[in-house]
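Q: Input entry_36.cif, format and content: mmCIF, C-alpha atoms.
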```
data_structure
#
loop_
_atom_site.label_atom_id
_atom_site.label_comp_id
_atom_site.auth_asym_id
_atom_site.auth_seq_id
_atom_site.Cartn_x
_atom_site.Cartn_y
_atom_site.Cartn_z
CA MET A 1 53.26 18.53 -23.59
CA SER A 2 53.67 14.80 -22.98
CA VAL A 3 50.83 12.33 -22.94
CA LEU A 4 51.06 11.98 -19.16
CA GLY A 5 51.01 15.75 -18.79
CA GLU A 6 47.93 16.06 -20.97
CA ALA A 7 46.14 13.37 -18.92
CA ALA A 8 47.00 15.11 -15.67
CA ALA A 9 45.77 18.43 -17.03
CA ALA A 10 42.55 16.80 -18.20
CA ARG A 11 41.93 15.26 -14.76
CA GLU A 12 42.62 18.63 -13.12
CA GLY A 13 40.20 20.41 -15.42
CA GLU A 14 37.57 17.76 -14.80
CA ALA A 15 37.93 18.15 -11.01
CA VAL A 16 37.63 21.95 -11.25
CA GLY A 17 34.57 21.81 -13.50
CA SER A 18 32.79 19.14 -11.49
CA LEU A 19 29.73 20.34 -9.59
CA PHE A 20 30.24 17.90 -6.70
CA ARG A 21 33.88 17.89 -5.58
CA PRO A 22 35.29 15.26 -3.18
CA LEU A 23 35.13 16.29 0.48
CA SER A 24 38.68 17.26 1.40
CA ALA A 25 40.29 19.75 3.81
CA GLU A 26 43.18 20.24 1.35
CA ASP A 27 40.96 21.52 -1.48
CA ASP A 28 41.28 25.32 -1.29
CA GLU A 29 38.95 25.85 -4.24
CA GLN A 30 36.05 24.07 -2.54
CA ARG A 31 34.08 26.97 -1.14
CA PRO A 32 30.41 27.05 -0.09
CA ALA A 33 27.91 29.30 -1.83
CA GLU A 34 26.49 32.00 0.44
CA ILE A 35 22.85 33.09 0.15
CA GLU A 36 21.16 35.80 2.20
CA SER A 37 17.98 34.35 3.74
CA LEU A 38 15.41 35.06 6.46
CA CYS A 39 16.04 33.93 10.04
CA MET A 40 12.99 32.07 11.36
CA ASN A 41 13.96 32.89 14.95
CA CYS A 42 14.19 36.72 14.89
CA PHE A 43 12.91 37.34 11.33
CA ARG A 44 16.01 39.26 10.35
CA ASN A 45 18.36 38.41 7.52
CA GLY A 46 21.01 35.74 8.03
CA VAL A 47 23.33 33.76 5.77
CA THR A 48 22.80 30.27 4.37
CA ARG A 49 25.87 28.44 3.11
CA LEU A 50 25.50 25.57 0.63
CA LEU A 51 28.29 23.11 -0.05
CA LEU A 52 27.94 20.57 -2.86
CA THR A 53 30.36 17.76 -2.13
CA ARG A 54 31.04 14.08 -2.65
CA ILE A 55 31.71 11.82 0.34
CA PRO A 56 34.39 9.21 -0.44
CA PHE A 57 33.03 5.69 -0.98
CA PHE A 58 29.50 7.08 -0.76
CA ARG A 59 27.72 9.61 -3.01
CA GLU A 60 26.97 13.29 -3.60
CA VAL A 61 25.33 15.36 -0.84
CA VAL A 62 24.30 18.97 -0.26
CA VAL A 63 25.41 20.40 3.10
CA SER A 64 23.59 23.56 4.21
CA SER A 65 24.34 25.76 7.21
CA PHE A 66 22.44 28.85 8.40
CA THR A 67 23.73 31.45 10.87
CA CYS A 68 22.13 34.66 12.06
CA ALA A 69 24.43 37.43 13.33
CA ALA A 70 21.55 39.24 15.01
CA CYS A 71 20.34 36.50 17.37
CA ALA A 72 23.19 33.96 17.02
CA TRP A 73 20.74 31.25 15.94
CA SER A 74 22.24 28.55 13.75
CA ASN A 75 21.10 25.40 11.97
CA THR A 76 22.75 22.74 9.84
CA GLU A 77 21.20 20.22 7.48
CA ILE A 78 22.26 17.67 4.90
CA GLN A 79 20.33 16.40 1.90
CA SER A 80 21.12 13.67 -0.54
CA ALA A 81 21.78 14.98 -4.04
CA GLY A 82 20.90 11.64 -5.61
CA ARG A 83 17.69 9.73 -6.03
CA ILE A 84 16.10 7.35 -3.55
CA GLN A 85 17.94 4.05 -3.85
CA GLU A 86 16.37 0.79 -4.99
CA ARG A 87 16.80 -0.73 -1.52
CA GLY A 88 17.00 0.48 2.03
CA VAL A 89 20.20 0.19 4.05
CA ARG A 90 20.95 -0.70 7.67
CA TYR A 91 24.34 -0.02 9.28
CA THR A 92 25.19 -1.89 12.49
CA LEU A 93 28.38 -0.72 14.17
CA ALA A 94 30.00 -2.22 17.27
CA VAL A 95 31.47 0.80 19.06
CA THR A 96 34.46 -0.34 21.12
CA SER A 97 36.81 2.68 21.28
CA ARG A 98 36.93 6.46 21.21
CA GLN A 99 38.09 6.33 17.59
CA ASP A 100 34.75 4.77 16.64
CA MET A 101 32.96 7.83 18.05
CA ASN A 102 34.73 9.97 15.42
CA ARG A 103 33.38 8.05 12.46
CA GLU A 104 31.57 10.29 9.98
CA VAL A 105 27.83 9.68 9.72
CA VAL A 106 25.36 10.86 7.09
CA LYS A 107 21.90 10.67 8.62
CA THR A 108 19.01 11.68 6.37
CA ASP A 109 15.71 12.91 7.77
CA CYS A 110 14.03 9.55 7.03
CA ALA A 111 16.67 7.48 8.86
CA THR A 112 16.25 5.91 12.31
CA ALA A 113 19.14 5.80 14.77
CA GLN A 114 19.16 3.24 17.58
CA ILE A 115 21.28 2.21 20.55
CA PRO A 116 19.76 -1.12 21.67
CA GLU A 117 21.70 -1.27 24.97
CA LEU A 118 19.83 1.81 26.22
CA ASP A 119 16.61 1.04 24.37
CA PHE A 120 17.15 4.43 22.72
CA GLU A 121 15.80 5.41 19.31
CA ILE A 122 15.68 8.59 17.21
CA PRO A 123 12.59 8.08 15.03
CA ALA A 124 12.49 8.85 11.34
CA PHE A 125 11.46 12.38 10.32
CA SER A 126 11.99 13.66 13.88
CA GLN A 127 15.23 15.45 12.89
CA LYS A 128 16.56 16.99 9.73
CA GLY A 129 19.38 15.37 7.81
CA VAL A 130 22.85 15.95 9.19
CA LEU A 131 26.51 15.29 8.41
CA THR A 132 28.17 14.58 11.75
CA THR A 133 29.85 11.86 13.79
CA ILE A 134 28.48 9.23 16.13
CA GLU A 135 29.49 11.47 19.03
CA GLY A 136 27.68 14.34 17.32
CA ILE A 137 24.47 12.30 17.07
CA ILE A 138 24.64 11.56 20.80
CA ASP A 139 25.36 15.24 21.60
CA ARG A 140 22.40 16.27 19.46
CA ALA A 141 20.14 13.82 21.28
CA VAL A 142 21.37 15.11 24.67
CA ALA A 143 20.72 18.70 23.60
CA GLY A 144 17.20 17.79 22.49
CA LEU A 145 16.42 16.10 25.81
CA GLU A 146 17.89 18.95 27.88
CA GLN A 147 15.98 21.59 25.95
CA ASP A 148 12.69 21.29 27.89
CA GLN A 149 14.08 20.04 31.19
CA PRO A 150 13.45 23.32 33.12
CA GLU A 151 9.74 23.12 32.29
CA ARG A 152 9.60 19.41 33.17
CA ARG A 153 11.21 20.03 36.55
CA ALA A 154 8.50 22.57 37.32
CA LEU A 155 5.62 20.38 36.12
CA ASP A 156 6.73 16.82 36.91
CA LYS A 157 9.93 16.33 38.90
CA GLU A 158 9.76 12.53 38.69
CA VAL A 159 9.76 12.50 34.89
CA ALA A 160 12.48 15.16 34.80
CA SER A 161 14.71 13.11 37.12
CA LYS A 162 14.33 10.01 34.99
CA ILE A 163 15.28 11.99 31.89
CA ASP A 164 18.31 13.37 33.75
CA GLU A 165 19.39 9.81 34.54
CA PHE A 166 19.01 8.86 30.89
CA ILE A 167 21.00 11.91 29.79
CA CYS A 168 23.83 10.83 32.10
CA LYS A 169 23.81 7.39 30.47
CA LEU A 170 24.05 8.97 27.01
CA LYS A 171 26.99 11.14 28.10
CA GLN A 172 28.76 8.10 29.57
CA LEU A 173 28.48 6.39 26.19
CA LYS A 174 30.84 8.97 24.72
CA GLU A 175 33.61 7.73 27.01
CA VAL A 176 33.11 4.18 25.71
CA HIS A 177 33.73 2.56 29.07
CA SER A 178 31.87 -0.48 27.70
CA PRO A 179 31.10 -1.46 24.12
CA PHE A 180 27.68 -0.62 22.66
CA THR A 181 25.91 -0.99 19.32
CA PHE A 182 24.92 1.84 17.01
CA VAL A 183 22.29 1.07 14.37
CA LEU A 184 21.37 3.40 11.51
CA ASP A 185 18.39 2.27 9.41
CA ASP A 186 17.45 4.29 6.31
CA PRO A 187 14.68 3.09 3.94
CA SER A 188 15.85 5.56 1.27
CA GLY A 189 19.34 4.00 1.21
CA ASN A 190 21.02 7.43 1.39
CA SER A 191 22.50 7.31 4.91
CA PHE A 192 26.10 6.36 5.55
CA VAL A 193 28.50 5.32 8.32
CA GLU A 194 32.20 5.75 7.59
CA ASN A 195 34.45 2.76 7.11
CA PRO A 196 37.97 3.99 8.04
CA HIS A 197 39.49 0.87 6.46
CA ALA A 198 37.82 1.38 3.05
CA PRO A 199 38.09 -0.13 0.54
CA GLN A 200 38.97 -3.03 2.85
CA ARG A 201 36.30 -4.66 4.97
CA ASP A 202 35.51 -3.34 8.45
CA ASP A 203 34.81 -6.21 10.86
CA ALA A 204 33.07 -3.87 13.32
CA LEU A 205 30.64 -2.53 10.69
CA MET A 206 27.89 -4.62 9.12
CA VAL A 207 25.97 -3.20 6.14
CA THR A 208 22.65 -4.78 5.18
CA HIS A 209 20.53 -3.88 2.16
CA TYR A 210 16.85 -4.80 2.23
CA ARG A 211 13.63 -4.38 0.31
CA ARG A 212 11.32 -1.70 1.61
CA THR A 213 7.86 -2.47 2.93
CA ARG A 214 4.78 -0.79 1.48
CA GLN A 215 4.53 1.41 4.56
CA GLN A 216 8.11 2.59 4.06
CA ASP A 217 7.41 3.30 0.39
CA ALA A 218 4.39 5.33 1.47
CA GLN A 219 6.50 7.34 3.94
CA LEU A 220 8.99 8.12 1.18
CA GLY A 221 6.19 9.14 -1.19
CA LEU A 222 6.99 6.33 -3.64
CA GLU A 223 3.76 4.41 -3.27
CA GLY A 224 0.59 5.23 -1.40
CA GLU A 225 -0.82 2.96 1.28
CA GLU A 226 -3.94 2.80 -0.88
CA SER A 227 -2.07 0.82 -3.56
CA ASP A 228 -4.19 -2.28 -2.94
CA GLU A 229 -7.36 -0.25 -3.20
CA GLN A 230 -6.10 1.46 -6.34
CA ALA A 231 -5.22 -1.92 -7.86
CA ALA A 232 -8.69 -3.19 -7.01
CA ASP A 233 -10.21 -0.07 -8.60
CA ALA A 234 -8.11 -0.63 -11.72
CA VAL A 235 -9.40 -4.21 -12.03
CA GLU A 236 -12.95 -2.96 -11.50
CA ASP A 237 -12.45 -0.33 -14.20
CA LEU A 238 -11.21 -3.06 -16.53
CA ARG A 239 -14.43 -5.01 -15.93
CA ASN A 240 -16.54 -1.97 -16.75
CA GLU A 241 -14.55 -0.93 -19.81
CA VAL A 242 -14.95 -2.21 -23.37
CA LEU A 243 -11.48 -2.59 -24.87
CA GLN A 244 -11.03 -2.15 -28.62
CA PHE A 245 -8.17 -3.15 -30.90
CA ASN A 246 -7.65 -3.16 -34.66
CA THR A 247 -7.66 -6.34 -36.74
CA ASN A 248 -8.52 -7.57 -40.24
CA CYS A 249 -11.88 -8.97 -41.33
CA PRO A 250 -11.67 -12.79 -41.76
CA THR A 251 -13.97 -12.55 -44.83
CA CYS A 252 -12.71 -9.61 -46.90
CA ASN A 253 -9.41 -8.86 -45.09
CA ALA A 254 -10.39 -5.20 -44.75
CA PRO A 255 -9.42 -3.29 -41.58
CA ALA A 256 -11.95 -3.92 -38.83
CA SER A 257 -12.24 -3.44 -35.07
CA THR A 258 -12.70 -6.05 -32.35
CA ASN A 259 -14.38 -5.18 -29.06
CA MET A 260 -13.46 -7.14 -25.94
CA LYS A 261 -15.04 -7.07 -22.49
CA LEU A 262 -14.60 -8.97 -19.25
CA VAL A 263 -17.97 -10.26 -17.97
CA GLN A 264 -18.82 -11.91 -14.66
CA ILE A 265 -21.47 -14.63 -15.15
CA PRO A 266 -23.56 -15.03 -11.97
CA HIS A 267 -23.00 -18.31 -10.10
CA PHE A 268 -20.19 -19.21 -12.53
CA LYS A 269 -16.97 -17.35 -13.40
CA GLU A 270 -15.49 -14.56 -15.48
CA VAL A 271 -15.42 -14.83 -19.27
CA ILE A 272 -13.98 -12.67 -22.05
CA ILE A 273 -16.42 -11.78 -24.82
CA MET A 274 -14.98 -10.62 -28.17
CA ALA A 275 -17.01 -9.27 -31.10
CA THR A 276 -15.73 -8.26 -34.54
CA ASN A 277 -17.70 -5.98 -36.88
CA CYS A 278 -16.56 -5.20 -40.44
CA ASP A 279 -17.93 -1.99 -41.97
CA SER A 280 -16.76 -3.00 -45.47
CA CYS A 281 -18.61 -6.28 -45.98
CA GLY A 282 -20.93 -6.30 -42.96
CA HIS A 283 -19.40 -9.48 -41.54
CA ARG A 284 -20.04 -9.97 -37.83
CA THR A 285 -18.68 -12.56 -35.48
CA ASN A 286 -18.52 -13.05 -31.73
CA GLU A 287 -16.47 -15.37 -29.60
CA VAL A 288 -16.17 -16.10 -25.91
CA LYS A 289 -13.10 -17.22 -23.99
CA SER A 290 -12.95 -18.54 -20.47
CA GLY A 291 -11.32 -16.15 -18.05
CA GLY A 292 -10.14 -18.98 -15.78
CA ALA A 293 -8.09 -22.14 -15.86
CA ILE A 294 -9.10 -25.66 -16.81
CA GLU A 295 -11.20 -27.12 -14.00
CA PRO A 296 -9.99 -30.21 -12.10
CA GLN A 297 -13.02 -32.16 -13.42
CA GLY A 298 -15.11 -32.17 -16.56
CA THR A 299 -18.73 -30.97 -16.58
CA ARG A 300 -21.77 -32.57 -18.19
CA ILE A 301 -24.91 -30.37 -18.21
CA THR A 302 -28.28 -31.85 -19.15
CA LEU A 303 -31.40 -29.71 -19.68
CA ARG A 304 -34.86 -31.09 -20.40
CA ILE A 305 -36.59 -28.54 -22.63
CA THR A 306 -40.26 -28.55 -21.59
CA ASP A 307 -41.32 -24.93 -22.02
CA PRO A 308 -40.60 -22.13 -24.53
CA SER A 309 -39.15 -20.09 -21.64
CA ASP A 310 -36.27 -22.62 -21.42
CA LEU A 311 -35.03 -21.26 -24.76
CA THR A 312 -34.24 -17.89 -23.14
CA ARG A 313 -31.64 -19.38 -20.76
CA ASP A 314 -28.13 -18.00 -21.09
CA VAL A 315 -25.61 -20.45 -22.51
CA LEU A 316 -21.82 -20.29 -22.41
CA LYS A 317 -20.32 -22.84 -24.78
CA SER A 318 -16.56 -23.00 -24.68
CA GLU A 319 -14.37 -24.22 -27.53
CA THR A 320 -13.86 -27.55 -25.76
CA CYS A 321 -17.58 -28.24 -25.31
CA SER A 322 -19.58 -30.78 -27.37
CA VAL A 323 -23.37 -30.59 -27.77
CA GLU A 324 -25.78 -33.53 -28.00
CA ILE A 325 -29.53 -33.77 -28.68
CA PRO A 326 -30.51 -37.46 -28.19
CA GLU A 327 -34.02 -37.08 -29.70
CA LEU A 328 -32.46 -36.00 -33.01
CA GLU A 329 -29.49 -38.36 -32.74
CA PHE A 330 -27.35 -35.29 -33.16
CA GLU A 331 -23.90 -34.55 -31.73
CA LEU A 332 -21.76 -31.46 -32.31
CA GLY A 333 -18.08 -32.08 -31.57
CA MET A 334 -15.77 -29.81 -29.61
CA GLY A 335 -14.31 -26.96 -31.62
CA ALA A 336 -17.38 -26.55 -33.83
CA LEU A 337 -18.95 -23.06 -33.70
CA GLY A 338 -16.07 -21.97 -31.42
CA GLY A 339 -16.82 -20.35 -28.09
CA LYS A 340 -20.21 -18.65 -27.77
CA PHE A 341 -22.13 -16.74 -25.16
CA THR A 342 -25.76 -16.58 -26.23
CA THR A 343 -29.19 -18.03 -25.37
CA LEU A 344 -30.30 -21.60 -25.91
CA GLU A 345 -32.48 -20.45 -28.80
CA GLY A 346 -29.56 -18.60 -30.36
CA LEU A 347 -27.29 -21.64 -30.08
CA LEU A 348 -29.91 -23.88 -31.73
CA LYS A 349 -30.26 -21.42 -34.58
CA ASP A 350 -26.47 -21.30 -35.01
CA ILE A 351 -26.45 -25.11 -35.22
CA GLY A 352 -29.20 -25.00 -37.87
CA GLU A 353 -27.29 -22.40 -39.91
CA LEU A 354 -24.13 -24.50 -39.66
CA VAL A 355 -25.95 -27.48 -41.17
CA GLU A 356 -27.76 -25.48 -43.88
CA ARG A 357 -24.60 -23.64 -45.04
CA ASN A 358 -22.66 -26.84 -45.57
CA PRO A 359 -22.65 -27.54 -49.36
CA PHE A 360 -22.00 -31.24 -48.77
CA THR A 361 -25.20 -31.68 -46.77
CA LEU A 362 -27.91 -29.61 -48.46
CA GLY A 363 -26.01 -28.28 -51.50
CA ASP A 364 -25.59 -29.62 -55.04
CA SER A 365 -23.04 -32.16 -53.81
CA SER A 366 -25.59 -33.89 -51.59
CA THR A 367 -27.64 -36.96 -52.58
CA PRO A 368 -31.49 -36.75 -52.54
CA SER A 369 -31.82 -39.23 -49.67
CA ARG A 370 -29.29 -37.33 -47.52
CA THR A 371 -30.97 -34.03 -48.36
CA GLU A 372 -34.36 -35.35 -47.27
CA LYS A 373 -33.00 -36.60 -43.95
CA LEU A 374 -31.17 -33.36 -43.22
CA GLN A 375 -34.20 -31.25 -44.12
CA GLU A 376 -36.20 -33.33 -41.68
CA PHE A 377 -33.49 -32.80 -39.06
CA VAL A 378 -33.46 -29.01 -39.63
CA GLY A 379 -37.26 -28.95 -39.39
CA LYS A 380 -37.24 -30.72 -36.02
CA LEU A 381 -34.41 -28.44 -34.84
CA HIS A 382 -36.57 -25.41 -35.67
CA GLU A 383 -39.47 -26.97 -33.77
CA ILE A 384 -37.27 -27.29 -30.69
CA ALA A 385 -36.03 -23.71 -31.14
CA GLU A 386 -39.66 -22.51 -31.33
CA GLY A 387 -40.66 -24.47 -28.22
CA LYS A 388 -42.98 -26.84 -30.12
CA MET A 389 -41.01 -30.01 -29.33
CA GLN A 390 -39.60 -31.32 -26.09
CA ALA A 391 -36.03 -32.59 -26.09
CA HIS A 392 -32.90 -33.04 -24.01
CA PHE A 393 -30.03 -30.64 -24.55
CA ILE A 394 -26.67 -31.98 -23.31
CA MET A 395 -23.41 -30.03 -23.02
CA ASP A 396 -20.26 -32.03 -22.27
CA ASP A 397 -17.14 -29.97 -21.53
CA PRO A 398 -14.00 -31.83 -20.36
CA ALA A 399 -12.43 -28.48 -19.39
CA GLY A 400 -15.39 -27.58 -17.17
CA ASN A 401 -15.65 -24.06 -18.60
CA SER A 402 -19.19 -24.21 -20.06
CA TYR A 403 -22.35 -22.96 -18.41
CA LEU A 404 -26.13 -23.17 -18.78
CA GLN A 405 -28.25 -20.78 -16.73
CA ASN A 406 -30.15 -22.04 -13.72
CA VAL A 407 -33.27 -19.85 -13.61
CA TYR A 408 -34.00 -21.05 -10.05
CA ALA A 409 -30.55 -20.13 -8.69
CA PRO A 410 -29.44 -20.41 -5.95
CA GLU A 411 -32.07 -23.16 -5.59
CA GLU A 412 -31.89 -26.38 -7.63
CA ASP A 413 -33.41 -26.46 -11.10
CA PRO A 414 -35.73 -29.50 -11.54
CA GLU A 415 -35.06 -29.58 -15.30
CA LEU A 416 -31.28 -29.05 -15.10
CA THR A 417 -28.65 -31.61 -14.09
CA VAL A 418 -24.96 -30.80 -13.66
CA GLU A 419 -22.54 -33.72 -13.32
CA ARG A 420 -18.83 -33.61 -12.50
CA TYR A 421 -16.63 -36.42 -13.75
CA GLU A 422 -13.02 -37.44 -14.00
CA ARG A 423 -11.54 -36.95 -17.45
CA THR A 424 -10.28 -39.91 -19.46
CA PHE A 425 -6.74 -40.16 -20.76
CA GLU A 426 -7.98 -39.29 -24.26
CA GLN A 427 -9.73 -36.16 -23.02
CA ASN A 428 -6.63 -35.04 -21.13
CA GLU A 429 -4.62 -35.71 -24.29
CA ALA A 430 -6.98 -33.52 -26.34
CA LEU A 431 -6.60 -30.71 -23.78
CA GLY A 432 -2.80 -31.09 -23.72
CA LEU A 433 -2.72 -31.97 -20.01
CA ASN A 434 -0.88 -35.28 -20.16
CA ASP A 435 2.44 -33.68 -21.09
CA MET A 436 1.95 -30.62 -18.89
CA LYS A 437 4.07 -30.51 -15.72
CA THR A 438 3.02 -27.84 -13.19
CA GLU A 439 5.03 -29.02 -10.15
CA GLY A 440 8.73 -29.74 -9.84
CA TYR A 441 9.42 -28.50 -13.37
CA GLU A 442 12.36 -26.44 -12.18
CA SER A 443 14.31 -29.54 -11.09
CA PRO A 444 16.66 -31.23 -13.59
CA SER A 445 14.69 -34.48 -13.30
CA GLY A 446 11.49 -32.65 -14.28
CA ARG A 447 12.84 -31.54 -17.62
#
```
Produce structure tokens that represent the structure in this file.
A:
Amino acid sequence: MSVLGEAAAAREGEAVGSLFRPLSAEDDEQRPAEIESLCMNCFRNGVTRLLLTRIPFFREVVVSSFTCAACAWSNTEIQSAGRIQERGVRYTLAVTSRQDMNREVVKTDCATAQIPELDFEIPAFSQKGVLTTIEGIIDRAVAGLEQDQPERRALDKEVASKIDEFICKLKQLKEVHSPFTFVLDDPSGNSFVENPHAPQRDDALMVTHYRRTRQQDAQLGLEGEESDEQAADAVEDLRNEVLQFNTNCPTCNAPASTNMKLVQIPHFKEVIIMATNCDSCGHRTNEVKSGGAIEPQGTRITLRITDPSDLTRDVLKSETCSVEIPELEFELGMGALGGKFTTLEGLLKDIGELVERNPFTLGDSSTPSRTEKLQEFVGKLHEIAEGKMQAHFIMDDPAGNSYLQNVYAPEEDPELTVERYERTFEQNEALGLNDMKTEGYESPSGR
């Protein structure tokens, strides 16, 4: 056998073995499968025929037809054999001749058919899917309207007469005495209107693909209308859940776990608290990150400590916050101690431990005079932490992400002052804002 003969035989075998064969009147081997099934009209057995076929320039479909020999009841239906498409489709056809009425149409059960000139619409899910023509869709609509006309004439003659007039208009459309527009809109993207000039363009047929709305997704069962509520519930669950991930201990490098939780601070904002606990060496550390962006202005918070109860106030110190105690001539620069969410007493103790652990301040490397001064400083710091000494506690955060609790909230705190200020160029430089471009960056000049 020649190479061409082998290729032809291969194509023939592929066509025979294919489950969905092209729709063709010349294919003698394309036969529907027959299944005995129950007739829902007389409850006797009828025959359902299933044809798996492929519509040219479209996709695979399943055509089903039921007939009952006992009561002569019949029904046809078409279903898409593929998945729901990524986008919906809308066909708009200008019907100008009788040939246009013979165009094949695949209308799924979720498609909407419209004729704007008559203000006529077949809503979605009001009919089963069908493989027909434009004339067939009109005939089916006429049959549906005529079905209950005898009852309408007996109950309300005026309504019945109006429907008769409308039926006459639909029948006149089939003669195409004047052009009209046929619109087929399918959110699933599986409907089809034949283009007799395919693969060339049809000037009378306009095909538009569009993104589905949430309501259309809900109708197709892709996404519930409660998606916003579910998303809100998911965010709420995230706030109530403690997330855990594996890491290594910064002290002994042994495997450890870090817990992370999203916390809403009253009268402030959301923060992320992370805590690491090492079971091998007992090392513990905690850190807090701001859950928001850098504020437009910096924040300077001043608290006058006058009572031991002031030491129980919650404090959020971000990484960009500096701390100052004027009575001790002490200033802690940004970055020191990292981000912390604790009480004022806890922060003062952390500052004391930071000074005492430094070998160059109170260790063997320190001079006696420096040691004496620092011991005096640590002693006064402990007095403030124990509420025995009054002092001013100042937090200066250029990013505006630090917080000190107002125990009188929402009223003003007489001992607490919060100031907003414009950042200097140096502060913006330290935060990396001077070289940051948030608007117009997509333009060539913004690069």
Q: Please determine, counting all atoms listed in the file, which residue among A:Pro150, A:Leu184, A:Val62, A:Arg90 has the shortest atom-to-atom distance to Val105 in chain A.
A: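 So, comparing all the options, the nearest one is A:Leu184.
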Q: Per residue of range 85-106 of chain A within 10 Å of range 186-195 of chain A, note the shortest atom pair and the distance in Å to one decimal, counting all atoms listed in the file, and order the rows by chain and increasing residue number, as a tab-separated table.
A:
```
residue	atom	partner	partner_atom	distance
A:Gln85	CA	A:Gly189	CA	5.3
A:Glu86	CA	A:Gly189	CA	7.6
A:Arg87	CA	A:Gly189	CA	6.0
A:Gly88	CA	A:Pro187	CA	4.0
A:Val89	CA	A:Gly189	CA	4.8
A:Arg90	CA	A:Asp186	CA	6.2
A:Tyr91	CA	A:Val193	CA	6.8
A:Thr92	CA	A:Val193	CA	9.0
A:Leu93	CA	A:Val193	CA	8.4
A:Asp100	CA	A:Glu194	CA	9.5
A:Asn102	CA	A:Glu194	CA	9.2
A:Arg103	CA	A:Glu194	CA	5.5
A:Glu104	CA	A:Glu194	CA	5.2
A:Val105	CA	A:Val193	CA	4.6
A:Val106	CA	A:Phe192	CA	4.8
```
Q: Per residue of range 235-341 of chain A within 12 Å of range 404-427 of chain A, which atom pair is closest and at what distance in Å (one decimal), using all atoms listed in the file, listed by chain and increasing number, as a tab-separated table?
A:
```
residue	atom	partner	partner_atom	distance
A:Ile265	CA	A:Gln405	CA	9.3
A:Pro266	CA	A:Gln405	CA	8.8
A:His267	CA	A:Ala409	CA	7.9
A:Phe268	CA	A:Gln405	CA	9.2
A:Ile294	CA	A:Arg423	CA	11.6
A:Glu295	CA	A:Arg420	CA	10.1
A:Pro296	CA	A:Glu422	CA	8.1
A:Gln297	CA	A:Glu422	CA	5.3
A:Gly298	CA	A:Tyr421	CA	5.3
A:Thr299	CA	A:Arg420	CA	4.9
A:Arg300	CA	A:Glu419	CA	5.1
A:Ile301	CA	A:Val418	CA	4.6
A:Thr302	CA	A:Thr417	CA	5.1
A:Leu303	CA	A:Leu416	CA	4.6
A:Arg304	CA	A:Glu415	CA	5.3
A:Ile305	CA	A:Glu415	CA	7.6
A:Thr306	CA	A:Glu415	CA	8.2
A:Asp307	CA	A:Glu415	CA	10.3
A:Ser309	CA	A:Val407	CA	10.0
A:Asp310	CA	A:Val407	CA	8.8
A:Leu311	CA	A:Gln405	CA	10.5
A:Thr312	CA	A:Gln405	CA	9.2
A:Arg313	CA	A:Gln405	CA	5.4
A:Asp314	CA	A:Gln405	CA	5.2
A:Val315	CA	A:Leu404	CA	4.6
A:Leu316	CA	A:Leu404	CA	6.3
A:Lys317	CA	A:Leu404	CA	8.4
A:Ser318	CA	A:Leu404	CA	11.2
A:Thr320	CA	A:Gln427	CA	9.9
A:Cys321	CA	A:Gln427	CA	11.4
A:Val323	CA	A:Leu404	CA	12.0
A:Met334	CA	A:Gln427	CA	11.0
A:Lys340	CA	A:Leu404	CA	11.7
A:Phe341	CA	A:Leu404	CA	9.9
```
Q: Any chance you could resolve the PyMOL selection byres ((chain A and resi 164) around 12) against this file and give the residues as a PDB file with C-alpha atoms, in the frame of the given file?
A:
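Heads up, here's the output in expr.pdb:
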```
ATOM      1  CA  VAL A 142      21.370  15.110  24.670  1.00  0.00           C
ATOM      2  CA  ALA A 143      20.720  18.700  23.600  1.00  0.00           C
ATOM      3  CA  LEU A 145      16.420  16.100  25.810  1.00  0.00           C
ATOM      4  CA  GLU A 146      17.890  18.950  27.880  1.00  0.00           C
ATOM      5  CA  GLN A 147      15.980  21.590  25.950  1.00  0.00           C
ATOM      6  CA  ASP A 148      12.690  21.290  27.890  1.00  0.00           C
ATOM      7  CA  GLN A 149      14.080  20.040  31.190  1.00  0.00           C
ATOM      8  CA  PRO A 150      13.450  23.320  33.120  1.00  0.00           C
ATOM      9  CA  ARG A 152       9.600  19.410  33.170  1.00  0.00           C
ATOM     10  CA  ARG A 153      11.210  20.030  36.550  1.00  0.00           C
ATOM     11  CA  LYS A 157       9.930  16.330  38.900  1.00  0.00           C
ATOM     12  CA  GLU A 158       9.760  12.530  38.690  1.00  0.00           C
ATOM     13  CA  VAL A 159       9.760  12.500  34.890  1.00  0.00           C
ATOM     14  CA  ALA A 160      12.480  15.160  34.800  1.00  0.00           C
ATOM     15  CA  SER A 161      14.710  13.110  37.120  1.00  0.00           C
ATOM     16  CA  LYS A 162      14.330  10.010  34.990  1.00  0.00           C
ATOM     17  CA  ILE A 163      15.280  11.990  31.890  1.00  0.00           C
ATOM     18  CA  GLU A 165      19.390   9.810  34.540  1.00  0.00           C
ATOM     19  CA  PHE A 166      19.010   8.860  30.890  1.00  0.00           C
ATOM     20  CA  ILE A 167      21.000  11.910  29.790  1.00  0.00           C
ATOM     21  CA  CYS A 168      23.830  10.830  32.100  1.00  0.00           C
ATOM     22  CA  LYS A 169      23.810   7.390  30.470  1.00  0.00           C
ATOM     23  CA  LEU A 170      24.050   8.970  27.010  1.00  0.00           C
ATOM     24  CA  LYS A 171      26.990  11.140  28.100  1.00  0.00           C
TER      25      LYS A 171
END
```
Q: Using all atoms listed in the file, what does the table of range 391-439 of chain A residues within 12 Å of range 373-386 of chain A look like, with each row giving the shortest atom pair and its distance in Å to one decimal, sorted by chain and ascending number, as JSON lines?
A:
```
{"residue": "A:Ala391", "atom": "CA", "partner": "A:Ile384", "partner_atom": "CA", "distance": 7.1}
{"residue": "A:His392", "atom": "CA", "partner": "A:Ile384", "partner_atom": "CA", "distance": 9.8}
{"residue": "A:Phe393", "atom": "CA", "partner": "A:Ile384", "partner_atom": "CA", "distance": 10.1}
```
